[in-house]
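Here is the file final.tsv (TSV, C-alpha atoms).
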chain	number	residue	atom	x	y	z
A	1	MET	CA	-61.73	44.67	-28.24
A	2	GLU	CA	-64.56	44.62	-25.72
A	3	GLN	CA	-64.26	40.85	-25.38
A	4	ARG	CA	-60.54	41.01	-24.76
A	5	THR	CA	-60.89	43.42	-21.84
A	6	ASN	CA	-62.80	40.72	-19.95
A	7	VAL	CA	-59.37	39.28	-19.17
A	8	THR	CA	-57.11	41.84	-17.51
A	9	GLU	CA	-54.64	39.31	-16.07
A	10	PHE	CA	-53.53	35.73	-16.49
A	11	VAL	CA	-52.94	33.12	-13.80
A	12	LEU	CA	-49.69	31.17	-14.18
A	13	LEU	CA	-49.70	27.64	-12.80
A	14	GLY	CA	-45.89	27.61	-12.70
A	15	LEU	CA	-43.69	24.53	-12.64
A	16	THR	CA	-45.21	22.73	-9.67
A	17	GLN	CA	-48.11	23.03	-7.24
A	18	SER	CA	-46.09	21.53	-4.37
A	19	LEU	CA	-45.14	24.15	-1.75
A	20	GLN	CA	-42.03	22.17	-0.80
A	21	GLY	CA	-41.08	21.85	-4.47
A	22	GLN	CA	-41.52	25.58	-4.95
A	23	LYS	CA	-39.14	26.34	-2.07
A	24	ILE	CA	-36.49	24.05	-3.55
A	25	LEU	CA	-36.96	25.55	-7.04
A	26	PHE	CA	-36.69	29.06	-5.58
A	27	VAL	CA	-33.20	28.32	-4.22
A	28	VAL	CA	-32.11	26.48	-7.39
A	29	PHE	CA	-33.30	29.13	-9.84
A	30	LEU	CA	-32.02	32.01	-7.71
A	31	PHE	CA	-28.56	30.41	-7.79
A	32	ILE	CA	-28.82	29.79	-11.56
A	33	TYR	CA	-29.88	33.39	-12.19
A	34	ILE	CA	-26.99	34.81	-10.15
A	35	VAL	CA	-24.51	32.57	-12.02
A	36	THR	CA	-26.10	33.58	-15.34
A	37	ILE	CA	-25.88	37.32	-14.71
A	38	VAL	CA	-22.39	37.24	-13.17
A	39	GLY	CA	-21.01	34.91	-15.87
A	40	ASN	CA	-22.43	36.79	-18.83
A	41	LEU	CA	-21.60	40.26	-17.52
A	42	LEU	CA	-18.09	39.06	-16.72
A	43	ILE	CA	-17.66	38.06	-20.36
A	44	VAL	CA	-19.08	41.41	-21.55
A	45	MET	CA	-16.70	43.31	-19.24
A	46	THR	CA	-13.71	41.17	-20.21
A	47	VAL	CA	-14.32	41.63	-23.95
A	48	ALA	CA	-14.89	45.37	-23.52
A	49	ILE	CA	-11.78	45.99	-21.42
A	50	SER	CA	-9.19	43.44	-22.58
A	51	PRO	CA	-7.06	44.69	-25.52
A	52	THR	CA	-6.24	41.11	-26.55
A	53	LEU	CA	-9.88	40.27	-27.27
A	54	ASP	CA	-10.42	42.80	-30.05
A	55	SER	CA	-11.28	40.34	-32.83
A	56	PRO	CA	-14.80	40.15	-34.35
A	57	MET	CA	-15.32	36.73	-32.72
A	58	TYR	CA	-15.06	38.21	-29.23
A	59	PHE	CA	-17.11	41.26	-30.20
A	60	PHE	CA	-19.96	38.93	-31.16
A	61	LEU	CA	-19.36	36.78	-28.07
A	62	GLY	CA	-19.75	39.86	-25.88
A	63	CYS	CA	-23.00	40.69	-27.68
A	64	LEU	CA	-24.24	37.12	-27.17
A	65	SER	CA	-23.50	37.30	-23.45
A	66	PHE	CA	-25.33	40.62	-23.20
A	67	MET	CA	-28.36	39.10	-24.94
A	68	ASP	CA	-28.28	36.07	-22.63
A	69	ALA	CA	-28.23	38.29	-19.54
A	70	ILE	CA	-31.21	40.35	-20.71
A	71	TYR	CA	-33.09	37.34	-22.11
A	72	SER	CA	-32.80	35.54	-18.77
A	73	THR	CA	-33.87	38.69	-16.91
A	74	THR	CA	-37.13	38.91	-18.86
A	75	VAL	CA	-38.23	35.56	-17.41
A	76	THR	CA	-36.24	34.31	-14.42
A	77	PRO	CA	-36.76	37.05	-11.77
A	78	ASN	CA	-40.52	36.99	-12.28
A	79	MET	CA	-40.52	33.18	-12.08
A	80	ILE	CA	-38.43	33.27	-8.88
A	81	MET	CA	-40.79	35.75	-7.24
A	82	ASP	CA	-43.82	33.68	-8.28
A	83	LEU	CA	-42.36	30.70	-6.44
A	84	LEU	CA	-42.91	32.65	-3.21
A	85	HIS	CA	-46.59	33.31	-3.89
A	86	GLU	CA	-49.48	30.91	-3.81
A	87	LYS	CA	-51.33	32.71	-6.61
A	88	LYS	CA	-49.18	33.66	-9.56
A	89	THR	CA	-50.68	36.34	-11.78
A	90	ILE	CA	-49.43	38.56	-14.59
A	91	SER	CA	-51.33	41.48	-16.09
A	92	PHE	CA	-52.38	41.41	-19.73
A	93	GLN	CA	-49.96	44.20	-20.67
A	94	ALA	CA	-47.08	42.61	-18.71
A	95	CYS	CA	-47.81	39.31	-20.44
A	96	MET	CA	-47.64	40.96	-23.87
A	97	SER	CA	-44.43	42.77	-22.89
A	98	GLN	CA	-42.83	39.51	-21.72
A	99	LEU	CA	-43.86	37.81	-24.96
A	100	PHE	CA	-42.41	40.64	-27.07
A	101	ILE	CA	-39.12	41.05	-25.20
A	102	GLY	CA	-38.56	37.29	-24.95
A	103	HIS	CA	-39.02	36.77	-28.68
A	104	LEU	CA	-36.98	39.89	-29.47
A	105	PHE	CA	-33.91	38.56	-27.69
A	106	ALA	CA	-34.46	34.92	-28.68
A	107	GLY	CA	-34.86	35.88	-32.34
A	108	ALA	CA	-31.82	38.16	-32.25
A	109	GLU	CA	-29.73	35.46	-30.53
A	110	ILE	CA	-30.64	32.86	-33.15
A	111	LEU	CA	-29.44	35.18	-35.92
A	112	LEU	CA	-26.35	36.19	-33.95
A	113	LEU	CA	-25.33	32.52	-33.76
A	114	LEU	CA	-25.57	32.45	-37.57
A	115	VAL	CA	-23.40	35.56	-37.79
A	116	MET	CA	-20.85	33.94	-35.47
A	117	ALA	CA	-20.77	30.86	-37.71
A	118	TYR	CA	-20.15	33.11	-40.73
A	119	ASP	CA	-17.34	34.82	-38.81
A	120	ARG	CA	-15.68	31.45	-38.08
A	121	TYR	CA	-16.11	30.39	-41.72
A	122	LEU	CA	-14.26	33.48	-42.93
A	123	ALA	CA	-11.57	33.21	-40.26
A	124	ILE	CA	-10.80	29.55	-41.06
A	125	CYS	CA	-11.61	29.22	-44.75
A	126	LYS	CA	-10.72	32.75	-45.95
A	127	PRO	CA	-7.98	33.84	-43.53
A	128	LEU	CA	-6.27	36.23	-45.97
A	129	HIS	CA	-9.48	38.20	-46.54
A	130	TYR	CA	-10.89	37.85	-43.04
A	131	LEU	CA	-9.94	41.19	-41.51
A	132	MET	CA	-10.74	43.02	-44.73
A	133	ILE	CA	-14.27	41.57	-44.83
A	134	MET	CA	-15.01	41.51	-41.09
A	135	ASN	CA	-13.97	45.08	-40.37
A	136	GLN	CA	-15.55	47.21	-37.65
A	137	GLN	CA	-18.17	48.65	-40.00
A	138	THR	CA	-19.25	45.19	-41.17
A	139	CYS	CA	-19.50	43.89	-37.59
A	140	ILE	CA	-21.71	46.81	-36.51
A	141	LEU	CA	-23.87	46.43	-39.64
A	142	LEU	CA	-24.34	42.70	-39.00
A	143	LEU	CA	-25.24	43.38	-35.37
A	144	LEU	CA	-27.76	46.02	-36.47
A	145	LEU	CA	-29.34	43.55	-38.90
A	146	VAL	CA	-29.57	40.98	-36.10
A	147	TRP	CA	-31.46	43.43	-33.88
A	148	VAL	CA	-33.77	44.60	-36.68
A	149	ALA	CA	-34.62	41.01	-37.63
A	150	GLY	CA	-35.20	40.10	-33.97
A	151	PHE	CA	-37.46	43.13	-33.58
A	152	LEU	CA	-39.53	42.24	-36.67
A	153	HIS	CA	-39.84	38.65	-35.43
A	154	ALA	CA	-41.09	39.86	-32.03
A	155	VAL	CA	-43.55	42.31	-33.61
A	156	VAL	CA	-45.06	39.49	-35.67
A	157	GLN	CA	-45.51	37.38	-32.52
A	158	LEU	CA	-47.19	40.25	-30.72
A	159	LEU	CA	-49.52	41.02	-33.61
A	160	PHE	CA	-50.62	37.38	-33.69
A	161	VAL	CA	-52.05	37.51	-30.15
A	162	TYR	CA	-52.54	41.12	-29.04
A	163	ASN	CA	-55.96	41.63	-30.62
A	164	LEU	CA	-57.29	38.12	-29.99
A	165	PRO	CA	-60.42	37.97	-27.81
A	166	PHE	CA	-59.67	36.59	-24.34
A	167	CYS	CA	-62.97	36.15	-22.54
A	168	GLY	CA	-62.00	33.39	-20.09
A	169	PRO	CA	-60.61	31.12	-18.76
A	170	ASN	CA	-57.34	32.92	-18.02
A	171	VAL	CA	-55.15	30.12	-16.57
A	172	ILE	CA	-51.82	29.45	-18.33
A	173	ASP	CA	-50.25	26.07	-17.58
A	174	ASN	CA	-46.74	27.48	-17.68
A	175	PHE	CA	-44.52	29.95	-15.83
A	176	ILE	CA	-44.31	32.50	-18.68
A	177	CYS	CA	-46.49	33.93	-21.41
A	178	ASP	CA	-45.79	32.20	-24.72
A	179	MET	CA	-47.56	31.74	-28.01
A	180	TYR	CA	-49.23	28.32	-27.80
A	181	PRO	CA	-50.58	28.69	-24.24
A	182	LEU	CA	-52.07	32.08	-25.18
A	183	LEU	CA	-53.60	30.76	-28.41
A	184	LYS	CA	-55.18	27.97	-26.38
A	185	LEU	CA	-56.97	30.55	-24.18
A	186	ALA	CA	-58.33	32.71	-27.01
A	187	CYS	CA	-62.09	32.36	-27.45
A	188	THR	CA	-61.90	32.20	-31.23
A	189	ASP	CA	-60.55	29.82	-33.87
A	190	THR	CA	-56.75	30.17	-33.85
A	191	TYR	CA	-55.88	27.40	-36.29
A	192	VAL	CA	-54.61	29.76	-39.00
A	193	ILE	CA	-52.61	31.79	-36.48
A	194	GLY	CA	-51.17	28.58	-35.04
A	195	ILE	CA	-49.99	27.47	-38.48
A	196	SER	CA	-48.51	30.95	-38.98
A	197	VAL	CA	-46.59	30.58	-35.71
A	198	VAL	CA	-45.21	27.24	-36.88
A	199	ALA	CA	-44.17	28.86	-40.18
A	200	ASN	CA	-42.61	31.83	-38.39
A	201	ASP	CA	-40.92	30.21	-35.39
A	202	GLY	CA	-40.51	26.63	-36.53
A	203	ALA	CA	-39.28	27.42	-40.03
A	204	VAL	CA	-36.82	30.01	-38.73
A	205	CYS	CA	-35.40	27.50	-36.23
A	206	VAL	CA	-35.06	24.72	-38.80
A	207	VAL	CA	-33.65	26.86	-41.63
A	208	ILE	CA	-31.04	28.57	-39.45
A	209	PHE	CA	-30.15	25.29	-37.71
A	210	VAL	CA	-29.54	23.66	-41.11
A	211	LEU	CA	-27.52	26.66	-42.33
A	212	LEU	CA	-25.41	26.54	-39.19
A	213	PHE	CA	-24.59	22.87	-39.57
A	214	ILE	CA	-23.82	23.28	-43.26
A	215	SER	CA	-21.44	26.13	-42.43
A	216	TYR	CA	-19.70	24.15	-39.69
A	217	GLY	CA	-19.56	21.15	-42.02
A	218	VAL	CA	-17.75	23.28	-44.60
A	219	ILE	CA	-15.42	24.58	-41.89
A	220	LEU	CA	-14.57	21.09	-40.61
A	221	HIS	CA	-14.02	19.86	-44.17
A	222	SER	CA	-11.52	22.66	-44.78
A	223	LEU	CA	-9.45	21.84	-41.68
A	224	LYS	CA	-7.36	19.28	-43.53
A	225	SER	CA	-5.49	22.14	-45.21
A	226	LEU	CA	-4.42	23.63	-41.88
A	227	SER	CA	-1.45	22.79	-39.70
A	228	GLN	CA	-1.93	20.53	-36.71
A	229	GLU	CA	-1.93	23.51	-34.32
A	230	GLY	CA	-4.34	25.47	-36.52
A	231	ARG	CA	-6.60	22.42	-36.79
A	232	ARG	CA	-6.63	21.96	-33.03
A	233	LYS	CA	-7.49	25.63	-32.39
A	234	ALA	CA	-10.21	25.66	-35.07
A	235	LEU	CA	-11.75	22.46	-33.72
A	236	SER	CA	-11.80	23.90	-30.21
A	237	THR	CA	-13.47	27.12	-31.37
A	238	CYS	CA	-16.04	25.35	-33.54
A	239	GLY	CA	-16.66	22.75	-30.83
A	240	TYR	CA	-18.04	25.18	-28.30
A	241	HIS	CA	-19.95	27.07	-31.01
A	242	ILE	CA	-21.66	23.84	-32.07
A	243	THR	CA	-22.39	22.95	-28.43
A	244	VAL	CA	-24.19	26.28	-27.90
A	245	VAL	CA	-26.11	25.85	-31.18
A	246	VAL	CA	-27.36	22.38	-30.21
A	247	LEU	CA	-28.37	23.50	-26.69
A	248	PHE	CA	-30.36	26.41	-28.08
A	249	PHE	CA	-31.95	24.95	-31.20
A	250	VAL	CA	-32.99	21.43	-30.17
A	251	PRO	CA	-35.52	22.62	-27.52
A	252	CYS	CA	-36.63	25.43	-29.84
A	253	MET	CA	-37.40	23.03	-32.67
A	254	PHE	CA	-39.19	20.60	-30.38
A	255	MET	CA	-41.53	23.35	-29.16
A	256	TYR	CA	-42.30	25.00	-32.49
A	257	VAL	CA	-41.74	22.46	-35.29
A	258	ARG	CA	-45.01	20.63	-34.68
A	259	PRO	CA	-48.77	21.23	-34.96
A	260	PRO	CA	-49.87	24.04	-32.61
A	261	SER	CA	-50.50	22.48	-29.20
A	262	THR	CA	-49.37	22.53	-25.58
A	263	LEU	CA	-47.68	19.53	-23.99
A	264	PRO	CA	-46.66	18.94	-20.34
A	265	ILE	CA	-43.00	18.63	-21.38
A	266	ASP	CA	-43.08	22.12	-22.91
A	267	LYS	CA	-42.42	23.62	-19.48
A	268	SER	CA	-39.19	21.65	-19.14
A	269	PHE	CA	-37.98	22.76	-22.56
A	270	THR	CA	-38.97	26.36	-21.80
A	271	VAL	CA	-36.92	26.22	-18.59
A	272	PHE	CA	-33.97	24.89	-20.58
A	273	CYS	CA	-34.23	27.63	-23.24
A	274	THR	CA	-34.87	30.59	-20.96
A	275	VAL	CA	-33.04	29.67	-17.76
A	276	ILE	CA	-30.44	26.92	-18.27
A	277	THR	CA	-28.97	27.78	-21.69
A	278	PRO	CA	-28.16	31.44	-20.81
A	279	MET	CA	-26.22	30.09	-17.80
A	280	LEU	CA	-24.38	27.42	-19.78
A	281	ASN	CA	-23.23	29.72	-22.59
A	282	PRO	CA	-20.65	31.68	-20.55
A	283	LEU	CA	-19.41	28.47	-18.93
A	284	ILE	CA	-18.95	26.80	-22.32
A	285	TYR	CA	-17.19	29.78	-23.87
A	286	THR	CA	-14.87	30.48	-20.95
A	287	LEU	CA	-13.95	26.98	-19.83
A	288	ARG	CA	-13.02	25.88	-23.37
A	289	ASN	CA	-11.39	29.12	-24.52
A	290	GLY	CA	-7.78	29.67	-23.50
A	291	GLU	CA	-7.66	33.30	-24.63
A	292	MET	CA	-10.78	34.20	-22.67
A	293	LYS	CA	-9.49	32.50	-19.51
A	294	SER	CA	-6.12	34.25	-19.84
A	295	ALA	CA	-7.79	37.64	-20.34
A	296	MET	CA	-9.96	37.10	-17.26
A	297	LYS	CA	-6.93	36.12	-15.18
A	298	ARG	CA	-5.07	39.28	-16.28
A	299	LEU	CA	-8.06	41.45	-15.39
A	300	TRP	CA	-8.37	39.74	-12.00
A	301	ILE	CA	-4.67	40.25	-11.24
A	302	ARG	CA	-4.88	43.89	-12.37
A	303	ARG	CA	-7.90	44.55	-10.08
A	304	ARG	CA	-6.17	42.93	-7.08
A	305	LYS	CA	-3.20	45.29	-7.54
Would you mind writing the file out in structure tokens?
Amino acid sequence: MEQRTNVTEFVLLGLTQSLQGQKILFVVFLFIYIVTIVGNLLIVMTVAISPTLDSPMYFFLGCLSFMDAIYSTTVTPNMIMDLLHEKKTISFQACMSQLFIGHLFAGAEILLLLVMAYDRYLAICKPLHYLMIMNQQTCILLLLLVWVAGFLHAVVQLLFVYNLPFCGPNVIDNFICDMYPLLKLACTDTYVIGISVVANDGAVCVVIFVLLFISYGVILHSLKSLSQEGRRKALSTCGYHITVVVLFFVPCMFMYVRPPSTLPIDKSFTVFCTVITPMLNPLIYTLRNGEMKSAMKRLWIRRRK
């Protein structure tokens, strides 16, 4: 414990050392963050208010948008403010908090995507039993399990690093606090912990990614029994679900399904996971979903009156 207190803050190198580049990134990421918050909260509000979006699919979509808004907020505002400062520092406690909250929402979102795939499987493959199985109680129970699992995942991450001795240096070559950069700074052998991180993060990403694609494979295989209109609607719904899954899981697997190490490209993938994907999700779900667009138009017309 005494060793660890030698480091009370970490220095973040950020995305670039160029002052001109930092100014450009400030404008870009500020715009992205505004679009992310507005887009996701608009979906949450639309699902909560619109009586036509009362199905489990939209309930989970609203929860996903809420998670994206909070997940982005744990990282992006701090990164934007750092772009205005020459020296970017974060206290030890703030670093641990960012690590915990980031993994809490990322872990919960990964499991929520699995729940959404299960919901689509029941809706398309078991339509007669769908509403009986996916009732309000089941939806709330599944959401509770998602949060509990995300919390346990985040606690494990925090326990891995919180009591490690950090006695210097304290420079993180990234714009956030994450597992591998922190393990690299610990002044002790972290090989076993690194392998545990791979088993925890990497295995979770791979297993759930495989389960998701198996479930969507089963769904697509079952489409031949549907009418042409039903097949078109199911393909549209599954299409944007699969798009979101690929955008989220591919960077995740690249960062964690490998021997513990830090690579220069990690920062780009971290930006994609924490900043870009939360912005793209509402765009994907609204632009390719007729019901969502119609509900938003009705709400807009109602507010103008």
Checklist entry - Looking at A:Pro259, A:Gly217, A:Gly239, A:Pro165, which one is nearest to Val197 (chain A), with distances taken over only C-alpha atoms? => result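 Closest candidate: A:Pro259.
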Item to check | Surrounding residues of region 145-148 of chain A excluding itself and chain neighbours under 5 positions, 10 Å, all atoms listed in the file, as a list in words | outcome: Leu104, Phe105, Gly107, Ala108, Glu109, Ile110, Leu111, Leu112, Leu113, Leu114, Val115, Cys139, Ile140, His153 and Ala154 of chain A
Checklist entry - Which one of A:Val257, A:Leu220, A:Met45, A:Val75 sits closest to Thr270 (chain A) if you count all atoms listed in the file? => result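 For Thr270 (chain A), the nearest of the given residues is A:Val75.
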Next on the checklist: as a VMD selection string, please: the residues near region 15-25 of chain A (cut-off 9 Å, only C-alpha atoms, same-chain neighbours under 3 positions excluded).
Outcome noted: chain A and resid 28 to 30 80 83 to 84 86 173 to 175 267 to 268
Checklist entry - Between A:Leu141, A:Val156, A:Met255, A:Val171, which one has atoms that come closest to Val271 (chain A), using all atoms listed in the file? => result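 Comparing A:Leu141, A:Val156, A:Met255, A:Val171 against Val271 (chain A), the winner is A:Met255.
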Next on the checklist: Which residues are near Tyr216 (chain A)? Cut-off 8 Å, all atoms listed in the file, ignore same chain within fewer than 6 positions. Put them as a PyMOL selection string.
Outcome noted: chain A and resi 117+121+238+242
Keeping C-alpha atoms, export the residues of the selection given above as a PDB file, in the coordinates of the input.
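Output file out.pdb follows:
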ATOM      1  CA  ALA A 117     -20.770  30.860 -37.710  1.00  0.00           C
ATOM      2  CA  TYR A 121     -16.110  30.390 -41.720  1.00  0.00           C
ATOM      3  CA  CYS A 238     -16.040  25.350 -33.540  1.00  0.00           C
ATOM      4  CA  ILE A 242     -21.660  23.840 -32.070  1.00  0.00           C
TER       5      ILE A 242
END
Next on the checklist: Nearest residue to Gln136 (chain A) out of A:Glu229, A:Asp82, A:Asp54, A:Asp266, using only C-alpha atoms?
Outcome noted: A:Asp54
Item to check | Which of A:Leu211, A:Ile124, A:Met179, A:Ile195 sits closest to Leu99 (chain A) [using only C-alpha atoms] | outcome: A:Met179
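Proximity ranking of A:Leu263, A:Leu122, A:Phe209, A:Leu223 relative to Leu247 (chain A) places A:Phe209 first, based on all atoms listed in the file.
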Checklist entry - Separation of CA of Leu53 (chain A) and CA of Cys273 (chain A), in Å? => result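 The value is 27.7 Å.
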Checklist entry - How far is it from CA of Pro181 (chain A) to CA of Pro260 (chain A), in Å with one decimal? => result 9.6 Å
Next on the checklist: Env of Glu291 (chain A): 12 Å cut, atoms = all atoms listed in the file, seq-sep filter 6 positions within chain, self excluded. Answer as a list in words.
Outcome noted: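 Listed by chain and then number, they are Ile43, Thr46, Val47, Ser50, Pro51, Thr52, Leu53, Asp54, Ser55, Met57, Tyr58, Lys233, Ser236, Thr237, Tyr285, Lys297 and Arg298 of chain A.
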Checklist outcome for this item: Atom pair CA of Val204 (chain A) + CA of Val192 (chain A), distance 17.8 Å
Next on the checklist: Please list as a PyMOL selection string every residue within 8 Å of Tyr33 (chain A), counting all atoms listed in the file and excluding residues in the same chain fewer than 5 positions away.
Outcome noted: chain A and resi 72+76-77+275+279
Checklist entry - Residues around (-61.8, 35.1, -22.6), cut-off 7 Å, counting only C-alpha atoms - what are they as an NGL selection string? => result :A and (3-4 or 6-7 or 165-170 or 185-187)
Output requested as a PDB file, keeping the file's coordinate frame - region 135-144 of chain A, filled out with all heavy atoms.
ATOM      1  N   ASN A 135     -14.468  43.876 -41.014  1.00  0.00           N
ATOM      2  CA  ASN A 135     -13.970  45.080 -40.370  1.00  0.00           C
ATOM      3  C   ASN A 135     -15.005  45.606 -39.380  1.00  0.00           C
ATOM      4  O   ASN A 135     -16.099  45.058 -39.245  1.00  0.00           O
ATOM      5  CB  ASN A 135     -13.610  46.146 -41.418  1.00  0.00           C
ATOM      6  CG  ASN A 135     -14.766  46.419 -42.376  1.00  0.00           C
ATOM      7  OD1 ASN A 135     -15.901  46.606 -41.939  1.00  0.00           O
ATOM      8  ND2 ASN A 135     -14.489  46.419 -43.665  1.00  0.00           N
ATOM      9  N   GLN A 136     -14.665  46.686 -38.699  1.00  0.00           N
ATOM     10  CA  GLN A 136     -15.550  47.210 -37.650  1.00  0.00           C
ATOM     11  C   GLN A 136     -16.914  47.612 -38.221  1.00  0.00           C
ATOM     12  O   GLN A 136     -17.960  47.348 -37.605  1.00  0.00           O
ATOM     13  CB  GLN A 136     -14.901  48.407 -36.972  1.00  0.00           C
ATOM     14  CG  GLN A 136     -15.694  48.929 -35.772  1.00  0.00           C
ATOM     15  CD  GLN A 136     -14.996  50.100 -35.112  1.00  0.00           C
ATOM     16  OE1 GLN A 136     -14.230  50.826 -35.731  1.00  0.00           O
ATOM     17  NE2 GLN A 136     -15.241  50.291 -33.823  1.00  0.00           N
ATOM     18  N   GLN A 137     -16.909  48.223 -39.386  1.00  0.00           N
ATOM     19  CA  GLN A 137     -18.170  48.650 -40.000  1.00  0.00           C
ATOM     20  C   GLN A 137     -19.071  47.468 -40.308  1.00  0.00           C
ATOM     21  O   GLN A 137     -20.281  47.510 -40.064  1.00  0.00           O
ATOM     22  CB  GLN A 137     -17.873  49.451 -41.265  1.00  0.00           C
ATOM     23  CG  GLN A 137     -19.112  50.057 -41.921  1.00  0.00           C
ATOM     24  CD  GLN A 137     -18.765  50.882 -43.149  1.00  0.00           C
ATOM     25  OE1 GLN A 137     -17.599  51.044 -43.499  1.00  0.00           O
ATOM     26  NE2 GLN A 137     -19.781  51.409 -43.808  1.00  0.00           N
ATOM     27  N   THR A 138     -18.473  46.399 -40.847  1.00  0.00           N
ATOM     28  CA  THR A 138     -19.250  45.190 -41.170  1.00  0.00           C
ATOM     29  C   THR A 138     -19.831  44.560 -39.904  1.00  0.00           C
ATOM     30  O   THR A 138     -20.989  44.139 -39.891  1.00  0.00           O
ATOM     31  CB  THR A 138     -18.374  44.172 -41.899  1.00  0.00           C
ATOM     32  OG1 THR A 138     -17.847  44.759 -43.090  1.00  0.00           O
ATOM     33  CG2 THR A 138     -19.175  42.926 -42.265  1.00  0.00           C
ATOM     34  N   CYS A 139     -19.032  44.487 -38.845  1.00  0.00           N
ATOM     35  CA  CYS A 139     -19.500  43.890 -37.590  1.00  0.00           C
ATOM     36  C   CYS A 139     -20.699  44.664 -37.027  1.00  0.00           C
ATOM     37  O   CYS A 139     -21.690  44.060 -36.599  1.00  0.00           O
ATOM     38  CB  CYS A 139     -18.372  43.866 -36.561  1.00  0.00           C
ATOM     39  SG  CYS A 139     -17.038  42.715 -36.958  1.00  0.00           S
ATOM     40  N   ILE A 140     -20.606  45.986 -37.029  1.00  0.00           N
ATOM     41  CA  ILE A 140     -21.710  46.810 -36.510  1.00  0.00           C
ATOM     42  C   ILE A 140     -22.943  46.663 -37.397  1.00  0.00           C
ATOM     43  O   ILE A 140     -24.072  46.575 -36.895  1.00  0.00           O
ATOM     44  CB  ILE A 140     -21.271  48.287 -36.426  1.00  0.00           C
ATOM     45  CG1 ILE A 140     -20.176  48.432 -35.363  1.00  0.00           C
ATOM     46  CG2 ILE A 140     -22.466  49.187 -36.095  1.00  0.00           C
ATOM     47  CD1 ILE A 140     -19.567  49.811 -35.278  1.00  0.00           C
ATOM     48  N   LEU A 141     -22.739  46.603 -38.719  1.00  0.00           N
ATOM     49  CA  LEU A 141     -23.870  46.430 -39.640  1.00  0.00           C
ATOM     50  C   LEU A 141     -24.555  45.091 -39.414  1.00  0.00           C
ATOM     51  O   LEU A 141     -25.795  45.012 -39.378  1.00  0.00           O
ATOM     52  CB  LEU A 141     -23.384  46.537 -41.084  1.00  0.00           C
ATOM     53  CG  LEU A 141     -24.453  46.337 -42.181  1.00  0.00           C
ATOM     54  CD1 LEU A 141     -25.556  47.382 -42.054  1.00  0.00           C
ATOM     55  CD2 LEU A 141     -23.820  46.376 -43.571  1.00  0.00           C
ATOM     56  N   LEU A 142     -23.765  44.027 -39.255  1.00  0.00           N
ATOM     57  CA  LEU A 142     -24.340  42.700 -39.000  1.00  0.00           C
ATOM     58  C   LEU A 142     -25.114  42.682 -37.687  1.00  0.00           C
ATOM     59  O   LEU A 142     -26.202  42.098 -37.598  1.00  0.00           O
ATOM     60  CB  LEU A 142     -23.226  41.645 -38.979  1.00  0.00           C
ATOM     61  CG  LEU A 142     -22.610  41.286 -40.330  1.00  0.00           C
ATOM     62  CD1 LEU A 142     -21.393  40.389 -40.137  1.00  0.00           C
ATOM     63  CD2 LEU A 142     -23.632  40.599 -41.228  1.00  0.00           C
ATOM     64  N   LEU A 143     -24.549  43.330 -36.662  1.00  0.00           N
ATOM     65  CA  LEU A 143     -25.240  43.380 -35.370  1.00  0.00           C
ATOM     66  C   LEU A 143     -26.552  44.150 -35.494  1.00  0.00           C
ATOM     67  O   LEU A 143     -27.578  43.756 -34.906  1.00  0.00           O
ATOM     68  CB  LEU A 143     -24.340  44.021 -34.328  1.00  0.00           C
ATOM     69  CG  LEU A 143     -24.887  44.055 -32.891  1.00  0.00           C
ATOM     70  CD1 LEU A 143     -25.125  42.651 -32.365  1.00  0.00           C
ATOM     71  CD2 LEU A 143     -23.933  44.825 -31.974  1.00  0.00           C
ATOM     72  N   LEU A 144     -26.538  45.238 -36.259  1.00  0.00           N
ATOM     73  CA  LEU A 144     -27.760  46.020 -36.470  1.00  0.00           C
ATOM     74  C   LEU A 144     -28.823  45.186 -37.178  1.00  0.00           C
ATOM     75  O   LEU A 144     -30.005  45.212 -36.805  1.00  0.00           O
ATOM     76  CB  LEU A 144     -27.430  47.273 -37.290  1.00  0.00           C
ATOM     77  CG  LEU A 144     -28.603  48.212 -37.605  1.00  0.00           C
ATOM     78  CD1 LEU A 144     -29.207  48.759 -36.313  1.00  0.00           C
ATOM     79  CD2 LEU A 144     -28.152  49.353 -38.521  1.00  0.00           C
TER      80      LEU A 144
END
